[in-house]
$ cat run03.cif   # mmCIF, C-alpha atoms
data_run
#
loop_
_atom_site.label_atom_id
_atom_site.label_comp_id
_atom_site.auth_asym_id
_atom_site.auth_seq_id
_atom_site.Cartn_x
_atom_site.Cartn_y
_atom_site.Cartn_z
CA MET D 25 114.15 54.55 140.12
CA ALA D 26 117.72 53.41 139.60
CA THR D 27 118.26 52.72 143.27
CA LYS D 28 114.98 50.94 143.48
CA GLY D 29 115.90 48.80 140.46
CA ALA D 30 119.21 47.83 142.03
CA VAL D 31 117.48 46.81 145.20
CA THR D 32 114.95 44.76 143.29
CA GLY D 33 117.81 43.10 141.40
CA LYS D 34 119.50 42.18 144.62
CA ASN D 35 116.34 40.77 146.02
CA THR D 36 115.86 38.63 142.96
CA LYS D 37 119.38 37.31 143.21
CA ASP D 38 118.86 36.32 146.83
CA ALA D 39 115.73 34.47 145.89
CA GLN D 40 117.69 32.58 143.24
CA ASP D 41 120.34 31.69 145.81
CA VAL D 42 117.71 30.17 148.01
CA GLN D 43 116.37 28.17 145.11
CA ALA D 44 119.87 26.96 144.22
CA GLU D 45 120.27 25.51 147.71
CA PRO D 46 119.92 21.70 147.80
CA PRO D 47 116.44 20.54 146.90
CA SER D 48 114.21 23.12 148.51
CA SER D 49 111.30 21.13 149.70
CA TRP D 50 107.68 21.47 150.56
CA HIS D 51 108.59 21.93 154.16
CA PRO D 52 111.28 24.43 155.15
CA ARG D 53 111.39 23.18 158.72
CA LEU D 54 112.21 19.69 157.44
CA ASP D 55 115.09 21.25 155.50
CA ALA D 56 116.38 22.90 158.64
CA HIS D 57 116.32 19.66 160.60
CA SER D 58 117.42 17.41 157.77
CA PRO D 59 121.14 17.22 158.76
CA TRP D 60 120.12 16.15 162.26
CA ILE D 61 117.65 13.57 160.99
CA SER D 62 120.38 12.32 158.66
CA LEU D 63 122.76 12.03 161.61
CA VAL D 64 120.26 9.84 163.44
CA ALA D 65 119.58 7.76 160.31
CA ARG D 66 123.31 7.35 159.65
CA VAL D 67 124.19 6.21 163.17
CA ALA D 68 121.12 3.99 163.43
CA LEU D 69 121.92 2.22 160.16
CA GLY D 70 125.60 1.93 161.13
CA VAL D 71 124.79 0.43 164.53
CA MET D 72 122.32 -1.94 162.86
CA TRP D 73 125.10 -3.29 160.59
CA LEU D 74 127.53 -3.68 163.50
CA TYR D 75 124.85 -5.42 165.57
CA TYR D 76 124.45 -8.07 162.87
CA ALA D 77 128.11 -8.26 161.83
CA LEU D 78 129.78 -8.81 165.20
CA PRO D 79 128.16 -12.14 166.25
CA LYS D 80 128.80 -13.50 162.76
CA LEU D 81 132.47 -12.49 162.95
CA ALA D 82 132.81 -14.51 166.14
CA THR D 83 131.29 -17.70 164.69
CA PRO D 84 132.17 -17.91 160.99
CA THR D 85 131.37 -21.60 160.65
CA GLN D 86 127.89 -21.02 162.06
CA ASN D 87 127.40 -18.37 159.39
CA VAL D 88 128.42 -20.87 156.72
CA ALA D 89 125.69 -23.17 158.00
CA ASP D 90 123.17 -20.30 158.04
CA VAL D 91 123.99 -19.24 154.49
CA ARG D 92 123.76 -22.85 153.35
CA ASN D 93 120.33 -23.20 154.94
CA PHE D 94 118.99 -20.53 152.59
CA ARG D 95 119.80 -22.95 149.74
CA ILE D 96 120.29 -20.14 147.24
CA LEU D 97 124.01 -20.00 146.55
CA PRO D 98 125.82 -22.89 144.83
CA GLY D 99 128.14 -24.93 147.06
CA GLY D 100 131.34 -23.23 145.97
CA LEU D 101 130.15 -19.71 146.78
CA ILE D 102 128.63 -20.47 150.19
CA THR D 103 131.83 -20.28 152.24
CA ALA D 104 133.18 -17.25 150.37
CA PHE D 105 129.92 -15.37 150.89
CA ALA D 106 129.59 -16.47 154.51
CA TYR D 107 133.08 -15.24 155.34
CA GLY D 108 132.91 -12.03 153.28
CA GLN D 109 129.44 -10.96 154.43
CA PRO D 110 130.17 -10.07 158.09
CA TYR D 111 133.25 -8.08 157.07
CA LEU D 112 131.24 -6.22 154.44
CA GLU D 113 128.62 -5.39 157.06
CA LEU D 114 131.32 -4.35 159.52
CA ALA D 115 132.85 -1.99 156.93
CA LEU D 116 129.43 -0.51 156.08
CA GLY D 117 128.67 0.00 159.77
CA LEU D 118 131.95 1.70 160.64
CA LEU D 119 131.95 3.92 157.54
CA LEU D 120 128.34 4.97 158.21
CA ILE D 121 129.17 5.90 161.79
CA ILE D 122 132.09 8.09 160.75
CA GLY D 123 129.97 9.36 157.86
CA LEU D 124 132.39 8.88 154.98
CA GLY D 125 130.70 8.54 151.59
CA THR D 126 127.24 8.53 153.12
CA ARG D 127 125.21 8.45 149.92
CA LEU D 128 127.23 5.56 148.45
CA LEU D 129 126.94 3.68 151.76
CA ALA D 130 123.20 4.28 151.81
CA LEU D 131 122.95 2.88 148.29
CA LEU D 132 125.03 -0.22 149.16
CA SER D 133 123.09 -0.74 152.40
CA GLY D 134 119.81 -0.50 150.55
CA VAL D 135 120.91 -2.97 147.88
CA LEU D 136 122.18 -5.42 150.53
CA LEU D 137 118.93 -5.14 152.49
CA LEU D 138 116.93 -5.78 149.32
CA VAL D 139 119.05 -8.89 148.70
CA TYR D 140 118.27 -10.08 152.25
CA ILE D 141 114.58 -9.32 151.85
CA GLY D 142 114.57 -11.22 148.57
CA GLY D 143 116.30 -14.15 150.28
CA ILE D 144 113.73 -14.33 153.07
CA ILE D 145 110.81 -14.04 150.67
CA SER D 146 112.28 -16.85 148.57
CA LEU D 147 112.50 -19.04 151.69
CA GLY D 148 108.82 -18.48 152.27
CA ALA D 149 108.00 -19.05 148.61
CA ARG D 150 109.98 -22.30 148.47
CA GLY D 151 108.45 -23.51 151.73
CA ILE D 152 111.81 -23.88 153.49
CA HIS D 153 111.37 -23.64 157.23
CA ILE D 154 114.35 -22.14 159.00
CA THR D 155 114.59 -19.46 161.62
CA CYS D 156 115.91 -17.00 159.04
CA GLY D 157 119.60 -16.23 159.66
CA CYS D 158 119.74 -12.46 160.02
CA GLY D 159 121.46 -12.30 163.39
CA GLY D 160 119.93 -15.48 164.76
CA ALA D 161 120.69 -19.09 164.05
CA GLY D 162 119.47 -20.35 160.69
CA ALA D 163 118.46 -23.71 162.05
CA ALA D 164 115.60 -25.76 160.72
CA VAL D 165 112.34 -25.31 162.58
CA ASP D 166 108.87 -26.77 162.22
CA ALA D 167 106.46 -25.21 159.79
CA GLY D 168 104.48 -22.50 161.53
CA GLN D 169 107.39 -21.49 163.72
CA THR D 170 108.97 -19.33 161.05
CA ARG D 171 108.44 -15.60 161.19
CA TYR D 172 109.26 -14.56 157.66
CA ILE D 173 106.71 -11.76 157.56
CA LEU D 174 108.21 -10.20 160.69
CA ASP D 175 111.70 -10.69 159.28
CA VAL D 176 110.76 -8.96 156.03
CA LEU D 177 109.03 -6.13 157.88
CA ARG D 178 112.10 -5.63 160.04
CA ASP D 179 114.36 -5.41 157.00
CA VAL D 180 111.94 -3.00 155.34
CA LEU D 181 112.15 -0.90 158.50
CA TYR D 182 115.94 -0.81 158.10
CA LEU D 183 115.43 0.38 154.53
CA ILE D 184 113.86 3.63 155.81
CA PRO D 185 117.10 5.21 157.09
CA ALA D 186 118.91 3.94 153.99
CA LEU D 187 116.39 5.61 151.70
CA TRP D 188 116.44 8.81 153.76
CA LEU D 189 120.24 8.98 153.49
CA LEU D 190 120.07 8.35 149.77
CA TRP D 191 117.81 11.42 149.53
CA ARG D 192 119.54 13.56 152.18
CA PRO D 193 123.13 12.37 152.64
CA LYS D 194 124.25 15.62 154.33
CA SER D 195 124.44 15.11 158.07
CA ARG D 196 125.95 16.64 161.19
CA PHE D 197 129.23 15.33 162.62
CA SER D 198 130.16 13.45 159.47
CA ALA D 199 133.51 13.01 157.75
CA ASP D 200 131.75 14.09 154.55
CA GLN D 201 130.81 17.43 156.10
CA ALA D 202 134.38 17.99 157.25
CA LEU D 203 135.95 17.06 153.93
CA LEU D 204 133.55 18.53 151.37
CA PRO D 205 133.73 22.31 150.73
CA MET P 4 125.65 57.76 135.31
CA ALA P 5 125.50 55.78 138.44
CA PRO P 6 123.31 52.99 136.99
CA GLN P 7 125.66 52.69 133.97
CA ASP P 8 128.65 52.30 136.31
CA LYS P 9 126.87 49.81 138.41
CA LYS P 10 125.64 47.46 135.68
CA PRO P 11 129.05 46.17 134.40
CA THR P 12 130.34 45.89 137.94
CA GLY P 13 127.33 43.74 138.81
CA LYS P 14 127.85 41.53 135.79
CA ALA P 15 131.55 41.11 136.59
CA ARG P 16 130.66 40.24 140.13
CA ASP P 17 128.13 37.72 138.88
CA ARG P 18 130.69 36.22 136.54
CA ALA P 19 133.26 36.00 139.31
CA ALA P 20 130.70 34.46 141.62
CA ALA P 21 129.70 31.95 138.95
CA ALA P 22 133.33 31.05 138.29
CA TYR P 23 133.91 30.65 142.02
CA ALA P 24 130.81 28.51 142.36
CA ALA P 25 131.85 26.38 139.39
CA ASP P 26 135.32 26.00 140.86
CA GLN P 27 133.88 25.02 144.22
CA ALA P 28 131.51 22.55 142.56
CA ALA P 29 134.39 20.99 140.62
CA LYS P 30 136.46 20.71 143.80
CA ARG P 31 133.51 19.20 145.57
CA ARG P 32 132.95 16.66 142.81
CA ARG P 33 136.63 15.72 142.82
CA ARG P 34 136.56 15.18 146.58
CA GLN P 35 133.35 13.18 146.29
CA PHE P 36 135.12 10.89 143.83
CA VAL P 37 138.06 10.51 146.19
CA ILE P 38 135.72 9.74 149.10
CA GLY P 39 133.79 7.25 146.96
CA GLY P 40 137.09 5.66 145.99
CA ILE P 41 138.16 5.37 149.62
CA VAL P 42 134.82 3.80 150.57
CA VAL P 43 135.05 1.24 147.77
CA VAL P 44 138.67 0.40 148.70
CA VAL P 45 137.78 0.01 152.40
CA ILE P 46 134.85 -2.27 151.60
CA LEU P 47 136.86 -4.40 149.17
CA ALA P 48 139.68 -4.63 151.72
CA ALA P 49 137.18 -5.78 154.37
CA ILE P 50 135.80 -8.50 152.10
CA GLY P 51 139.40 -9.45 151.27
CA ILE P 52 140.11 -9.90 154.97
CA GLY P 53 137.07 -12.17 155.23
CA ILE P 54 138.26 -14.35 152.36
CA ALA P 55 141.76 -14.46 153.90
CA VAL P 56 140.30 -15.61 157.23
CA GLN P 57 138.39 -18.35 155.41
CA HIS P 58 141.57 -19.40 153.64
CA SER P 59 143.54 -19.67 156.86
CA ASN P 60 140.64 -21.53 158.50
CA SER P 61 140.55 -24.13 155.75
CA GLN P 62 144.31 -24.47 156.01
CA SER P 63 144.10 -25.08 159.73
CA ASN P 64 141.46 -27.71 158.93
CA SER P 65 143.83 -29.66 156.74
CA ALA P 66 146.43 -29.15 159.45
CA ALA P 67 144.01 -30.83 161.88
CA ALA P 68 143.88 -33.93 159.67
CA ASN P 69 147.66 -34.21 159.95
CA GLY P 70 147.66 -33.54 163.68
CA PRO P 71 148.46 -36.04 166.42
CA LEU P 72 146.53 -39.32 166.36
CA VAL P 73 144.35 -39.53 169.46
CA PHE P 74 141.47 -41.88 170.16
CA PRO P 75 138.02 -41.10 171.54
CA SER P 76 137.49 -42.46 175.05
CA GLY P 77 136.41 -46.07 175.39
CA THR P 78 137.28 -47.08 171.84
CA VAL P 79 138.27 -50.67 171.08
CA SER P 80 140.16 -52.54 168.32
CA ASP P 81 143.40 -50.61 168.89
CA GLY P 82 141.31 -47.50 169.54
CA LEU P 83 139.89 -47.49 166.01
CA ALA P 84 136.32 -48.64 166.67
CA VAL P 85 133.50 -47.28 168.78
CA GLN P 86 131.71 -50.18 170.40
CA TYR P 87 127.95 -50.17 170.93
CA GLY P 88 126.45 -52.97 172.96
CA SER P 89 127.83 -55.27 175.63
CA SER P 90 131.37 -56.65 175.36
CA ALA P 91 129.95 -59.94 176.62
CA ALA P 92 128.00 -60.43 173.38
CA LYS P 93 129.67 -63.12 171.30
CA THR P 94 128.47 -61.92 167.92
CA THR P 95 130.17 -58.89 166.44
CA LEU P 96 128.81 -56.66 163.71
CA THR P 97 131.56 -54.47 162.27
CA ILE P 98 130.48 -51.46 160.23
CA TYR P 99 132.77 -49.27 158.13
CA GLU P 100 130.86 -46.16 157.27
CA ASP P 101 131.01 -42.50 156.26
CA PHE P 102 128.33 -40.02 157.36
CA ARG P 103 128.55 -38.36 153.94
CA CYS P 104 127.95 -41.58 152.00
CA PRO P 105 124.42 -42.08 150.59
CA TYR P 106 124.64 -45.90 150.51
CA CYS P 107 125.69 -45.83 154.15
CA LYS P 108 122.53 -43.91 154.90
CA GLN P 109 120.48 -46.39 152.89
CA ALA P 110 122.03 -49.34 154.76
CA GLU P 111 121.55 -47.55 158.07
CA SER P 112 117.88 -46.88 157.36
CA MET P 113 117.26 -50.57 156.60
CA PHE P 114 119.57 -52.31 159.09
CA GLY P 115 119.96 -49.69 161.81
CA PRO P 116 116.77 -50.52 163.72
CA ILE P 117 117.50 -54.28 163.47
CA TYR P 118 121.08 -54.25 164.79
CA THR P 119 120.27 -51.55 167.36
CA ALA P 120 117.54 -53.75 168.87
CA ASP P 121 119.88 -56.77 168.94
CA ALA P 122 122.66 -54.73 170.53
CA GLN P 123 120.30 -53.35 173.16
CA ALA P 124 119.09 -56.89 173.88
CA GLY P 125 122.72 -57.89 174.52
CA LYS P 126 122.77 -60.34 171.60
CA ILE P 127 125.42 -58.54 169.56
CA LYS P 128 127.99 -55.79 169.86
CA VAL P 129 128.50 -53.28 167.07
CA LEU P 130 131.93 -51.90 166.14
CA TYR P 131 131.73 -48.65 164.25
CA HIS P 132 134.67 -47.62 162.10
CA ILE P 133 134.23 -44.16 160.60
CA VAL P 134 136.13 -43.41 157.40
CA ASN P 135 136.38 -40.50 154.98
CA LEU P 136 135.72 -42.08 151.60
CA ILE P 137 133.47 -39.42 150.03
CA ASP P 138 135.94 -36.61 150.80
CA ARG P 139 138.51 -38.57 148.83
CA ASN P 140 136.12 -39.25 145.94
CA ASP P 141 134.30 -35.92 145.68
CA GLY P 142 136.62 -33.52 147.47
CA GLY P 143 135.68 -31.52 150.56
CA THR P 144 135.97 -32.25 154.26
CA GLY P 145 132.43 -33.25 155.28
CA SER P 146 133.34 -36.91 155.92
CA ILE P 147 136.35 -36.23 158.07
CA GLN P 148 134.70 -33.38 159.97
CA SER P 149 131.54 -35.34 160.76
CA GLY P 150 133.60 -38.40 161.68
CA SER P 151 135.71 -36.32 164.02
CA ALA P 152 132.56 -34.81 165.55
CA ALA P 153 131.19 -38.30 166.18
CA GLY P 154 134.44 -39.08 168.02
CA CYS P 155 133.84 -35.98 170.13
CA ALA P 156 130.34 -37.29 170.93
CA GLN P 157 131.86 -40.62 172.06
CA ASP P 158 133.97 -38.63 174.53
CA VAL P 159 130.74 -37.32 176.06
CA GLY P 160 129.22 -40.79 176.26
CA ASN P 161 128.53 -43.92 174.23
CA ALA P 162 124.77 -43.29 174.18
CA LYS P 163 125.44 -39.75 172.95
CA PHE P 164 127.62 -41.17 170.18
CA LYS P 165 124.85 -43.51 169.06
CA ALA P 166 122.20 -40.78 169.14
CA TYR P 167 124.46 -38.34 167.28
CA HIS P 168 125.36 -41.07 164.78
CA ASP P 169 121.65 -41.48 164.01
CA VAL P 170 121.09 -37.70 163.80
CA LEU P 171 123.97 -37.36 161.32
CA TYR P 172 122.37 -39.96 159.05
CA ALA P 173 118.89 -38.53 159.42
CA ASN P 174 120.18 -35.11 158.31
CA GLN P 175 122.66 -36.29 155.71
CA PRO P 176 123.01 -33.70 152.90
CA GLU P 177 123.08 -34.57 149.21
CA GLU P 178 126.37 -36.19 148.29
CA SER P 179 127.33 -33.18 146.16
CA ASP P 180 126.65 -30.81 149.06
CA ASP P 181 129.52 -30.72 151.53
CA ALA P 182 127.36 -29.37 154.37
CA TYR P 183 129.12 -31.47 157.00
CA ALA P 184 132.35 -29.61 156.27
CA SER P 185 130.87 -26.83 158.39
CA THR P 186 131.49 -27.36 162.08
CA GLY P 187 128.61 -24.93 162.66
CA THR P 188 126.24 -27.40 160.96
CA LEU P 189 127.67 -30.29 162.99
CA ILE P 190 127.28 -28.36 166.24
CA SER P 191 123.73 -27.27 165.50
CA LEU P 192 122.83 -30.92 164.75
CA ALA P 193 124.39 -31.92 168.06
CA LYS P 194 121.75 -29.79 169.77
CA GLN P 195 119.20 -32.44 168.73
CA VAL P 196 120.88 -34.84 171.16
CA PRO P 197 120.02 -33.76 174.72
CA GLY P 198 123.10 -33.27 176.87
CA LEU P 199 125.61 -33.55 174.01
CA ASP P 200 126.39 -29.95 173.19
CA SER P 201 128.79 -28.21 175.55
CA ALA P 202 131.72 -25.83 175.32
CA SER P 203 134.21 -28.69 175.41
CA PHE P 204 132.27 -30.65 172.76
CA GLU P 205 132.23 -27.59 170.50
CA ALA P 206 135.93 -27.00 171.06
CA CYS P 207 136.57 -30.64 170.15
CA VAL P 208 134.48 -30.36 166.95
CA ASN P 209 135.99 -27.01 165.97
CA SER P 210 139.55 -28.23 166.41
CA GLY P 211 138.91 -31.37 164.34
CA LYS P 212 140.48 -33.34 167.16
CA TYR P 213 139.65 -36.80 165.78
CA GLN P 214 140.32 -36.16 162.10
CA PRO P 215 143.57 -38.18 162.25
CA TRP P 216 141.54 -40.97 163.85
CA VAL P 217 139.13 -41.02 160.88
CA LYS P 218 142.06 -41.00 158.47
CA LYS P 219 143.69 -43.86 160.35
CA ASN P 220 140.46 -45.88 160.06
CA TYR P 221 140.42 -45.30 156.31
CA ASP P 222 144.04 -46.37 155.97
CA ALA P 223 143.37 -49.51 158.01
CA LEU P 224 140.36 -50.39 155.86
CA SER P 225 142.29 -49.67 152.69
CA THR P 226 145.11 -51.98 153.77
CA GLN P 227 142.58 -54.64 154.70
CA GLU P 228 140.78 -54.44 151.36
CA GLY P 229 143.89 -54.19 149.23
CA GLY P 230 143.36 -50.57 148.28
CA SER P 231 139.79 -50.71 146.98
CA VAL P 232 137.58 -49.18 149.61
CA SER P 233 133.83 -48.98 149.36
CA THR P 234 131.32 -48.08 152.03
CA PRO P 235 129.25 -49.20 153.75
CA ASP P 236 130.99 -52.37 154.76
CA TYR P 237 129.00 -54.63 157.09
CA LEU P 238 130.78 -57.65 158.55
CA ILE P 239 129.00 -60.18 160.75
CA ASN P 240 131.71 -61.98 162.73
CA GLY P 241 134.10 -61.04 159.97
CA GLN P 242 131.79 -62.29 157.19
CA SER P 243 130.85 -59.56 154.73
CA PHE P 244 127.16 -58.80 154.37
CA GLU P 245 126.66 -57.03 151.05
CA LEU P 246 124.17 -54.34 150.25
CA THR P 247 122.18 -55.34 147.17
CA THR P 248 119.65 -53.75 144.84
CA GLN P 249 116.85 -55.96 146.15
CA PRO P 250 113.80 -54.34 147.73
CA ALA P 251 114.39 -53.03 151.25
CA ALA P 252 112.07 -55.61 152.82
CA THR P 253 114.03 -58.48 151.25
CA GLN P 254 117.38 -57.05 152.36
CA GLU P 255 116.06 -56.46 155.87
CA ALA P 256 114.86 -60.06 156.07
CA ASN P 257 118.23 -61.32 154.78
CA PHE P 258 120.09 -59.20 157.31
CA THR P 259 117.90 -60.36 160.18
CA ASN P 260 118.45 -64.00 159.12
CA ALA P 261 122.21 -63.57 158.82
CA LEU P 262 122.40 -61.94 162.26
CA ASN P 263 120.17 -64.57 163.86
CA LYS P 264 122.22 -67.36 162.33
CA ALA P 265 125.42 -65.87 163.71
CA ILE P 266 123.84 -65.36 167.13
CA ALA P 267 122.57 -68.96 167.17
CA ALA P 268 125.97 -70.30 166.07
CA ALA P 269 127.69 -68.36 168.86
CA GLY P 270 125.27 -69.89 171.33
#

$ encode --input "run03.cif" --output "structure tokens"
Amino acid sequence: MATKGAVTGKNTKDAQDVQAEPPSSWHPRLDAHSPWISLVARVALGVMWLYYALPKLATPTQNVADVRNFRILPGGLITAFAYGQPYLELALGLLLIIGLGTRLLALLSGVLLLVYIGGIISLGARGIHITCGCGGAGAAVDAGQTRYILDVLRDVLYLIPALWLLWRPKSRFSADQALLP
Amino acid sequence: MAPQDKKPTGKARDRAAAAYAADQAAKRRRRQFVIGGIVVVVILAAIGIGIAVQHSNSQSNSAAANGPLVFPSGTVSDGLAVQYGSSAAKTTLTIYEDFRCPYCKQAESMFGPIYTADAQAGKIKVLYHIVNLIDRNDGGTGSIQSGSAAGCAQDVGNAKFKAYHDVLYANQPEESDDAYASTGTLISLAKQVPGLDSASFEACVNSGKYQPWVKKNYDALSTQEGGSVSTPDYLINGQSFELTTQPAATQEANFTNALNKAIAAAG
């Protein structure tokens, strides 16, 4: 009896260990693959930020014009935002790719994307016709040539990896994984 | 006996394991804070770099205004004016203007089509002097940047200058909005003029090549008017034609009459 009890006790403890592991989910196979999915999400989101940051870094005055075309920020903040934005995106992109502070980066990325989505929706709501900045030129175009719905959908698509990383920040080949015990 | 021995050992092991786990968790939390701190510092530093770049850009802009005085190609009146229309025309309309000035836009919208038609018919020649009055009144660099860009357009061709001149008025921002301070805005507007935008045009606009030229025009006008500059300033053969508060149709008729009189007098 004693031996059997000890064995049972051990079994119970193991079961608790499993439950103490990070959020055990409805799908164990998803858990097993989660660090790999997170790796893909991390790199994809990081590359996305670099893809949008680099052209803006090359043409800062064009970005000032783009930001101005949104007609949201007051005059004094337009240049500061237009110059800071590409560097912010560059930092987010590089940090995501090395995987340092993934969950915080996912949160910041998500917030920034929501700001962009809000900006595009407000363009549509105010009836301003520009070819939304977001990587392209924010020049005025005729009504009917805007593609705000596509632009919003694209940004919502980018939100998916950000939300995934917020939920599952642990990923393969990340600085976090190397630094956290 | 064996179970009694085993129980305390198990508890001790559990306690040790719990302490170890707690220690690990604390270490982990501390490192997470450090990582979070590093991330925040890196991001703030990146934004700081952006602001620093902007600062140095705006400094190089004011440096451009104090750069060497050069004149756009084909300019007349000691290089200060851009001429539109035939030199053979005996009647001269001189316009001092600022692309950022709302009254200049108002005058342009009333008188532009009239004097353009006369210039194209060879009856008059127009001398454009571009000044930076609004920058001086309201702050900013939209006047001097747009004026310099118009000089760059004159380098490409006189017809390009005229077309770009009209585009700049058609797209004039609110006076309080210094949109023309952005060379990106000026370049994207240049795309509305076929054949104007090119790498050399953009380089000219970005470097603010003709900012000293705009400044020189302002100084010349200021000297001429005894220090009190207002724009627009329309002069028909040296005679001032004032903008009034009369209805546009009346002012247009007056302007047409004044021009026709001058043309008739010149024979």

$ residues_around --input "run03.cif" --residues "D:Ala104" --least-positions-apart "6" --cutoff "9 Å" --atoms "only C-alpha atoms" --output "PyMOL selection string"
(chain D and resi 88) or (chain P and resi 53-54+57)

$ resolve_selection --input "run03.cif" --expression "the PyMOL selection byres ((chain P) within 6 of (chain D))" --output "list of chain:residue names"
P:Arg31, P:Ile38, P:Gly39, P:Ile46, P:Ala49, P:Ile50, P:Gly53, P:Ile54, P:Ser185, P:Thr186, P:Gly187, P:Thr188

$ resolve_selection --input "run03.cif" --expression "the PyMOL selection byres ((chain D and resi 72) around 12)" --output "mmCIF file with C-alpha atoms, in the coordinates of the input"
data_model
loop_
_atom_site.group_PDB
_atom_site.id
_atom_site.type_symbol
_atom_site.label_atom_id
_atom_site.label_comp_id
_atom_site.auth_asym_id
_atom_site.auth_seq_id
_atom_site.Cartn_x
_atom_site.Cartn_y
_atom_site.Cartn_z
ATOM 1 C CA VAL D 64 120.260 9.840 163.440
ATOM 2 C CA ALA D 65 119.580 7.760 160.310
ATOM 3 C CA ARG D 66 123.310 7.350 159.650
ATOM 4 C CA VAL D 67 124.190 6.210 163.170
ATOM 5 C CA ALA D 68 121.120 3.990 163.430
ATOM 6 C CA LEU D 69 121.920 2.220 160.160
ATOM 7 C CA GLY D 70 125.600 1.930 161.130
ATOM 8 C CA VAL D 71 124.790 0.430 164.530
ATOM 9 C CA TRP D 73 125.100 -3.290 160.590
ATOM 10 C CA LEU D 74 127.530 -3.680 163.500
ATOM 11 C CA TYR D 75 124.850 -5.420 165.570
ATOM 12 C CA TYR D 76 124.450 -8.070 162.870
ATOM 13 C CA ALA D 77 128.110 -8.260 161.830
ATOM 14 C CA LEU D 78 129.780 -8.810 165.200
ATOM 15 C CA GLU D 113 128.620 -5.390 157.060
ATOM 16 C CA LEU D 114 131.320 -4.350 159.520
ATOM 17 C CA LEU D 116 129.430 -0.510 156.080
ATOM 18 C CA GLY D 117 128.670 0.000 159.770
ATOM 19 C CA LEU D 118 131.950 1.700 160.640
ATOM 20 C CA LEU D 120 128.340 4.970 158.210
ATOM 21 C CA ILE D 121 129.170 5.900 161.790
ATOM 22 C CA SER D 133 123.090 -0.740 152.400
ATOM 23 C CA LEU D 137 118.930 -5.140 152.490
ATOM 24 C CA CYS D 158 119.740 -12.460 160.020
ATOM 25 C CA GLY D 159 121.460 -12.300 163.390
ATOM 26 C CA ARG D 178 112.100 -5.630 160.040
ATOM 27 C CA ASP D 179 114.360 -5.410 157.000
ATOM 28 C CA LEU D 181 112.150 -0.900 158.500
ATOM 29 C CA TYR D 182 115.940 -0.810 158.100
ATOM 30 C CA LEU D 183 115.430 0.380 154.530
ATOM 31 C CA PRO D 185 117.100 5.210 157.090
ATOM 32 C CA ALA D 186 118.910 3.940 153.990
#

$ residues_around --input "run03.cif" --residues "P:Ser76" --least-positions-apart "5" --cutoff "9 Å" --atoms "all atoms listed in the file" --output "count of residues only"
8

$ residues_near_point --input "run03.cif" --point "(139.3, -45.3, 156.8)" --cutoff "10 Å" --atoms "only C-alpha atoms" --output "list in words"
Leu83, Tyr99, Glu100, Asp101, His132, Ile133, Val134, Asn135, Leu136, Ile147, Pro215, Trp216, Val217, Lys218, Lys219, Asn220, Tyr221, Asp222, Ala223, Leu224, Ser225, Thr226, Val232, Ser233 and Thr234 of chain P

$ closest_residue --input "run03.cif" --among "P:Phe74, P:Asp26, P:Ile98, P:Asn60" --to "P:Phe114" --atoms "all atoms listed in the file"
P:Ile98
